[in-house]
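Peer 1: Let me give you the structure first, and then I'll get to my questions.
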Amino acid sequence: MDYSGLIERVYEHVENDDVGKAVMACLRLARNVQDYLNAAIFLRELEPDRDQFARTFLEDTVKLNQDQRRFLLKQSSDTWLQGRTLKLMGSTSSEGEVLVFSAGQLDTELTHLERAIQDMVLPAGMSPFDVAAFTDKFMHDKAALRCQIQQVQIVRQRIKARCLNYAISLERQLQTQQKSQTFLEIVQQEVNNYFRARSEDVYLKLQKAADLIGSSSSEDASLLLTLVRRTMKSVADYFYPPRLEPVVCSDGNERILSGDKYITRLGEYLLNHFPSGSQTALLQAQCDLLMNLFSRLNEVACKGVHAKVTGDEAKQALISLYMFLFSVISRLMNEPEGGPVD
């Protein structure tokens, strides 16, 4: 999706004073980046009719629960009312008047009001008394129309400012995300390169998992979690192969670290390869944190292929696996020759 192109279109519509098109471009942007709150706000600007807004809003928020929808409805309604409420001179209402027009209608309403003023001309052949009466009435009516024009202009200016500020903030957000994406690409590249040279089994599993990360299918999400679990086992097999004979672990207990004990084997590898004797407290804390995260990912993955798994869970599992492997590989690559020094 060309977000930069859409943002530039928002700028162009704002500069051209085309409020309706600016709002439509912002709505499209908000929907594409799944910014539900701003999508609801800009949708209200386009759909002042409650029934039509409700139908479209439900379509846009099909993934959300009722509490999330209620929050969005209230927040978007408050924002819309704040931008549409005007305190009129001479009005007795303490709450002000709400200007209810769609963003596109505001543009046409402004043109309509200006033409109405231009159409107020005196008919030819009128008597002086009629001329005076019509002139007085026209002055009163023109003043009322100019007041309405001012109200429309105020609301239009508020909407333009909201569109401009949204485009600027989203542009900054995307620039920041681009830096984060570059970092994640480096992480993925480093991990892939490491295992491509050392373990074809781990490398191929990582590639298969990466192929599934863009799928929206729940079955693929379950399969992705299964692949993460199998990749974790292959990583453990590479760093600490299964042992059939009893092994005295770091906690002093004797265990048989067979193939299915891959989490324990990984823990033993980290504790043995990165001893806590001369390591900093930060190194030990990171090791413990990674192991806890690793165990939690395994619990999620063990739901099985047919369990109900969300795409977000699957993506989180794969990203966490890459971050874990990147941390381990970085420490291994920075070791002095001959291995870690205690």
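Identifiers in this document derive from the order of the structure tokens: chains are assigned A, B, ..., residues are numbered from 1 separately in each chain, and ligands are numbered from 1 in order of occurrence.
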Write out as a list in words all residues of range 59-269 of chain A that DSSP puts in strand (DSSP E) for this structure's backbone.

Peer 2: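 DSSP on the backbone gives strand (DSSP E) at Thr85, Leu86, Glu97, Val98, Val247, Val248, Glu254 and Arg255 of chain A.
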
Peer 1: Generate a file of the selected residues that holds N, CA and C atoms, formatted as a tab-separated table (two decimals), in the first residue's frame.

Peer 2:
chain	number	residue	atom	x	y	z
A	85	THR	N	-19.82	21.85	17.12
A	85	THR	CA	-20.61	22.71	18.02
A	85	THR	C	-20.11	24.14	17.92
A	86	LEU	N	-21.06	25.06	17.74
A	86	LEU	CA	-20.75	26.48	17.61
A	86	LEU	C	-21.57	27.28	18.61
A	97	GLU	N	-24.95	25.42	19.17
A	97	GLU	CA	-25.65	24.78	18.06
A	97	GLU	C	-24.70	23.82	17.35
A	98	VAL	N	-25.26	22.69	16.89
A	98	VAL	CA	-24.45	21.68	16.20
A	98	VAL	C	-24.75	21.77	14.71
A	247	VAL	N	22.06	-36.86	32.72
A	247	VAL	CA	22.93	-35.68	32.74
A	247	VAL	C	22.66	-34.90	34.02
A	248	VAL	N	23.72	-34.48	34.67
A	248	VAL	CA	23.58	-33.63	35.86
A	248	VAL	C	23.38	-32.19	35.38
A	254	GLU	N	19.71	-34.74	38.36
A	254	GLU	CA	20.08	-35.61	37.25
A	254	GLU	C	18.84	-35.88	36.39
A	255	ARG	N	18.98	-35.67	35.07
A	255	ARG	CA	17.85	-35.85	34.15
A	255	ARG	C	18.33	-36.53	32.88

Peer 1: Determine, counting only C-alpha atoms, which protein, DNA and RNA residues have an atom within 12 Å of an atom of His13 in chain A; residues of the same chain fewer than 6 positions away are not included. Present the result as a list in words.

Peer 2: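 Once the nearby chain positions are removed, what remains is Leu6, Ile7, Val19, Gly20, Lys21, Ala22, Val23, Met24, Ala25, Cys26, Ile159, Lys160, Ala161, Cys163, Leu164 and Ala167 of chain A.
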
Peer 1: Can I get the selected residues back with C-alpha atoms, as an mmCIF file, in the first residue's frame?

Peer 2:
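In the end it all went to out09.cif:
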data_model
loop_
_atom_site.group_PDB
_atom_site.id
_atom_site.type_symbol
_atom_site.label_atom_id
_atom_site.label_comp_id
_atom_site.auth_asym_id
_atom_site.auth_seq_id
_atom_site.Cartn_x
_atom_site.Cartn_y
_atom_site.Cartn_z
ATOM 1 C CA LEU A 6 -2.256 8.849 0.019
ATOM 2 C CA ILE A 7 -0.768 11.245 2.540
ATOM 3 C CA VAL A 19 -12.663 19.310 2.651
ATOM 4 C CA GLY A 20 -14.797 16.407 1.402
ATOM 5 C CA LYS A 21 -11.961 14.786 -0.562
ATOM 6 C CA ALA A 22 -9.507 15.383 2.287
ATOM 7 C CA VAL A 23 -11.789 13.536 4.713
ATOM 8 C CA MET A 24 -12.271 10.638 2.266
ATOM 9 C CA ALA A 25 -8.499 10.294 1.838
ATOM 10 C CA CYS A 26 -8.010 10.327 5.620
ATOM 11 C CA ILE A 159 -12.025 19.552 9.783
ATOM 12 C CA LYS A 160 -9.173 20.710 7.547
ATOM 13 C CA ALA A 161 -6.944 21.094 10.590
ATOM 14 C CA CYS A 163 -7.098 16.125 8.330
ATOM 15 C CA LEU A 164 -3.782 17.969 8.146
ATOM 16 C CA ALA A 167 -1.678 13.227 7.833
#

Peer 1: What is the distance between CA of Arg146 in chain A and CA of Asn165 in chain A, in Å to one decimal?

Peer 2: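 These atoms are spaced 28.2 Å apart.
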
Peer 1: Write out as an MDAnalysis selection string which residues come within 9 Å of Trp80 in chain A when counting only C-alpha atoms, dropping same-chain ones fewer than 5 positions away.

Peer 2: chainID A and resid 41:42 44:45 75 85

Peer 1: For Leu27 in chain A, list every protein, DNA or RNA residue within 8 Å, evaluated using only C-alpha atoms, and leave out those in the same chain fewer than 6 positions away; present the list as a PDB file with all heavy atoms, in the first residue's frame.

Peer 2:
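Saved the output as out_16.pdb:
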ATOM      1  N   ASN A  38      -9.681   6.811  14.478  1.00  0.00           N
ATOM      2  CA  ASN A  38      -9.732   7.868  13.475  1.00  0.00           C
ATOM      3  C   ASN A  38     -10.599   7.476  12.287  1.00  0.00           C
ATOM      4  O   ASN A  38     -11.215   8.343  11.659  1.00  0.00           O
ATOM      5  CB  ASN A  38      -8.322   8.225  13.013  1.00  0.00           C
ATOM      6  CG  ASN A  38      -7.618   9.152  13.979  1.00  0.00           C
ATOM      7  OD1 ASN A  38      -7.959  10.320  14.094  1.00  0.00           O
ATOM      8  ND2 ASN A  38      -6.640   8.628  14.696  1.00  0.00           N
ATOM      9  N   ALA A  39     -10.670   6.187  11.987  1.00  0.00           N
ATOM     10  CA  ALA A  39     -11.581   5.757  10.922  1.00  0.00           C
ATOM     11  C   ALA A  39     -13.028   6.074  11.306  1.00  0.00           C
ATOM     12  O   ALA A  39     -13.817   6.537  10.471  1.00  0.00           O
ATOM     13  CB  ALA A  39     -11.412   4.258  10.664  1.00  0.00           C
ATOM     14  N   PHE A  42     -13.531  10.041  11.047  1.00  0.00           N
ATOM     15  CA  PHE A  42     -13.684  10.534   9.672  1.00  0.00           C
ATOM     16  C   PHE A  42     -14.938   9.966   9.013  1.00  0.00           C
ATOM     17  O   PHE A  42     -15.536  10.613   8.153  1.00  0.00           O
ATOM     18  CB  PHE A  42     -12.441  10.197   8.851  1.00  0.00           C
ATOM     19  CG  PHE A  42     -11.233  10.998   9.250  1.00  0.00           C
ATOM     20  CD1 PHE A  42     -10.098  10.371   9.746  1.00  0.00           C
ATOM     21  CD2 PHE A  42     -11.235  12.377   9.131  1.00  0.00           C
ATOM     22  CE1 PHE A  42      -8.988  11.112  10.115  1.00  0.00           C
ATOM     23  CE2 PHE A  42     -10.122  13.123   9.505  1.00  0.00           C
ATOM     24  CZ  PHE A  42      -9.007  12.495   9.997  1.00  0.00           C
ATOM     25  N   LEU A  43     -15.351   8.762   9.449  1.00  0.00           N
ATOM     26  CA  LEU A  43     -16.602   8.219   8.924  1.00  0.00           C
ATOM     27  C   LEU A  43     -17.786   9.065   9.368  1.00  0.00           C
ATOM     28  O   LEU A  43     -18.725   9.294   8.596  1.00  0.00           O
ATOM     29  CB  LEU A  43     -16.779   6.769   9.395  1.00  0.00           C
ATOM     30  CG  LEU A  43     -18.058   6.056   8.935  1.00  0.00           C
ATOM     31  CD1 LEU A  43     -18.117   5.975   7.416  1.00  0.00           C
ATOM     32  CD2 LEU A  43     -18.145   4.653   9.555  1.00  0.00           C
TER      33      LEU A  43
END

Peer 1: Near Leu113 in chain A, counting only C-alpha atoms, which residues have an atom at most 8 Å away, once you skip same-chain residues fewer than 2 positions from it, shown as a PyMOL selection string?

Peer 2: chain A and resi 109-111+115-117+145-146+148-149

Peer 1: With N, CA, C and O atoms retained, write the just-selected residues as a JSON list (two decimals), in the first residue's frame.

Peer 2:
[["chain", "number", "residue", "atom", "x", "y", "z"],
["A", 109, "GLU", "N", -22.70, 23.60, 0.56],
["A", 109, "GLU", "CA", -23.50, 24.52, 1.34],
["A", 109, "GLU", "C", -22.88, 25.92, 1.32],
["A", 109, "GLU", "O", -23.60, 26.93, 1.25],
["A", 110, "LEU", "N", -21.59, 25.99, 1.37],
["A", 110, "LEU", "CA", -20.91, 27.28, 1.32],
["A", 110, "LEU", "C", -21.19, 27.97, -0.01],
["A", 110, "LEU", "O", -21.48, 29.18, -0.05],
["A", 111, "THR", "N", -21.11, 27.22, -1.10],
["A", 111, "THR", "CA", -21.40, 27.80, -2.42],
["A", 111, "THR", "C", -22.85, 28.24, -2.51],
["A", 111, "THR", "O", -23.16, 29.31, -3.06],
["A", 115, "ARG", "N", -24.20, 32.12, -3.21],
["A", 115, "ARG", "CA", -25.07, 32.43, -4.33],
["A", 115, "ARG", "C", -26.38, 33.06, -3.86],
["A", 115, "ARG", "O", -26.94, 33.92, -4.56],
["A", 116, "ALA", "N", -26.86, 32.63, -2.71],
["A", 116, "ALA", "CA", -28.09, 33.20, -2.18],
["A", 116, "ALA", "C", -27.94, 34.70, -1.90],
["A", 116, "ALA", "O", -28.86, 35.49, -2.13],
["A", 117, "ILE", "N", -26.77, 35.08, -1.42],
["A", 117, "ILE", "CA", -26.50, 36.50, -1.19],
["A", 117, "ILE", "C", -26.46, 37.27, -2.52],
["A", 117, "ILE", "O", -27.02, 38.37, -2.65],
["A", 145, "LEU", "N", -27.24, 35.21, 6.47],
["A", 145, "LEU", "CA", -26.53, 34.28, 5.58],
["A", 145, "LEU", "C", -25.01, 34.36, 5.81],
["A", 145, "LEU", "O", -24.32, 33.34, 5.78],
["A", 146, "ARG", "N", -24.49, 35.57, 5.99],
["A", 146, "ARG", "CA", -23.06, 35.71, 6.25],
["A", 146, "ARG", "C", -22.68, 35.05, 7.58],
["A", 146, "ARG", "O", -21.58, 34.50, 7.72],
["A", 148, "GLN", "N", -24.18, 32.38, 8.73],
["A", 148, "GLN", "CA", -24.16, 30.95, 8.40],
["A", 148, "GLN", "C", -22.88, 30.58, 7.65],
["A", 148, "GLN", "O", -22.29, 29.52, 7.90],
["A", 149, "ILE", "N", -22.45, 31.47, 6.74],
["A", 149, "ILE", "CA", -21.20, 31.22, 6.02],
["A", 149, "ILE", "C", -20.03, 31.14, 6.99],
["A", 149, "ILE", "O", -19.16, 30.26, 6.89]]

Peer 1: Show me, as a list in words, the residues that have an atom within 12 Å of Leu244 in chain A when counting only C-alpha atoms, minus same-chain residues fewer than 2 positions from it.

Peer 2: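 Non-adjacent residues within range: Pro241, Pro242, Pro246, Val247, Arg255, Ile256, Leu257, Ser258, Gly259, Asp260 and Lys261 of chain A.
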
Peer 1: With N, CA, C and O atoms retained, could you export that selection as a PDB file, in the first residue's frame?

Peer 2:
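Here's the written file part35.pdb:
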ATOM      1  N   PRO A 241      22.235 -31.379  21.417  1.00  0.00           N
ATOM      2  CA  PRO A 241      21.572 -32.589  20.916  1.00  0.00           C
ATOM      3  C   PRO A 241      21.024 -33.446  22.057  1.00  0.00           C
ATOM      4  O   PRO A 241      21.512 -33.381  23.195  1.00  0.00           O
ATOM      5  N   PRO A 242      19.997 -34.267  21.785  1.00  0.00           N
ATOM      6  CA  PRO A 242      19.410 -35.120  22.826  1.00  0.00           C
ATOM      7  C   PRO A 242      20.450 -36.081  23.421  1.00  0.00           C
ATOM      8  O   PRO A 242      21.369 -36.532  22.733  1.00  0.00           O
ATOM      9  N   PRO A 246      21.821 -40.223  31.532  1.00  0.00           N
ATOM     10  CA  PRO A 246      21.490 -39.182  32.518  1.00  0.00           C
ATOM     11  C   PRO A 246      22.537 -38.074  32.530  1.00  0.00           C
ATOM     12  O   PRO A 246      23.729 -38.318  32.352  1.00  0.00           O
ATOM     13  N   VAL A 247      22.055 -36.856  32.718  1.00  0.00           N
ATOM     14  CA  VAL A 247      22.931 -35.679  32.736  1.00  0.00           C
ATOM     15  C   VAL A 247      22.658 -34.904  34.019  1.00  0.00           C
ATOM     16  O   VAL A 247      21.489 -34.705  34.401  1.00  0.00           O
ATOM     17  N   ARG A 255      18.981 -35.666  35.074  1.00  0.00           N
ATOM     18  CA  ARG A 255      17.854 -35.845  34.152  1.00  0.00           C
ATOM     19  C   ARG A 255      18.333 -36.527  32.882  1.00  0.00           C
ATOM     20  O   ARG A 255      19.517 -36.464  32.524  1.00  0.00           O
ATOM     21  N   ILE A 256      17.371 -37.134  32.186  1.00  0.00           N
ATOM     22  CA  ILE A 256      17.624 -37.667  30.848  1.00  0.00           C
ATOM     23  C   ILE A 256      17.080 -36.640  29.864  1.00  0.00           C
ATOM     24  O   ILE A 256      15.859 -36.468  29.742  1.00  0.00           O
ATOM     25  N   LEU A 257      17.950 -35.959  29.180  1.00  0.00           N
ATOM     26  CA  LEU A 257      17.551 -34.877  28.269  1.00  0.00           C
ATOM     27  C   LEU A 257      17.317 -35.469  26.883  1.00  0.00           C
ATOM     28  O   LEU A 257      18.125 -35.336  25.963  1.00  0.00           O
ATOM     29  N   SER A 258      16.161 -36.114  26.740  1.00  0.00           N
ATOM     30  CA  SER A 258      15.808 -36.772  25.483  1.00  0.00           C
ATOM     31  C   SER A 258      15.284 -35.742  24.478  1.00  0.00           C
ATOM     32  O   SER A 258      15.251 -34.542  24.731  1.00  0.00           O
ATOM     33  N   GLY A 259      14.828 -36.235  23.318  1.00  0.00           N
ATOM     34  CA  GLY A 259      14.396 -35.347  22.250  1.00  0.00           C
ATOM     35  C   GLY A 259      13.235 -34.452  22.616  1.00  0.00           C
ATOM     36  O   GLY A 259      13.163 -33.294  22.177  1.00  0.00           O
ATOM     37  N   ASP A 260      12.300 -34.952  23.437  1.00  0.00           N
ATOM     38  CA  ASP A 260      11.127 -34.149  23.779  1.00  0.00           C
ATOM     39  C   ASP A 260      11.430 -33.114  24.868  1.00  0.00           C
ATOM     40  O   ASP A 260      10.578 -32.259  25.136  1.00  0.00           O
ATOM     41  N   LYS A 261      12.610 -33.151  25.455  1.00  0.00           N
ATOM     42  CA  LYS A 261      12.975 -32.191  26.494  1.00  0.00           C
ATOM     43  C   LYS A 261      13.766 -31.015  25.904  1.00  0.00           C
ATOM     44  O   LYS A 261      14.759 -30.569  26.448  1.00  0.00           O
TER      45      LYS A 261
END

Peer 1: Measure the distance from CA of Glu47 in chain A to CA of Ser77 in chain A in Å and round it to one decimal.

Peer 2: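 Separation of CA of Glu47 in chain A and CA of Ser77 in chain A: 12.1 Å.
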
Peer 1: Using only C-alpha atoms, which of the listed residues (A:Ile213, A:Asp220, A:Leu170, A:Cys249) sits closest to Lys315 in chain A?

Peer 2: A:Ile213

Peer 1: Quick check, in Å to one decimal: how far apart do CA of Tyr238 in chain A and CA of Ser215 in chain A lie?

Peer 2: 28.9 Å

Peer 1: Of the candidates A:Leu318, A:Ala54, A:Glu171, A:Arg158, which one gets nearest to Asp2 in chain A if we count only C-alpha atoms?

Peer 2: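 Among A:Leu318, A:Ala54, A:Glu171, A:Arg158, it is A:Glu171 that comes nearest to Asp2 in chain A.
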
Peer 1: Which of these, A:Leu325, A:Val100, A:Leu106, A:Ala30, has the shortest distance to Asn192 in chain A once you count only C-alpha atoms?

Peer 2: A:Leu325

Peer 1: Which of these, A:Lys205, A:Glu8, A:Ala40, A:Ala221, has the shortest distance to Gln316 in chain A once you count only C-alpha atoms?

Peer 2: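 With only C-alpha atoms as the atom set, the closest residue is A:Ala221.
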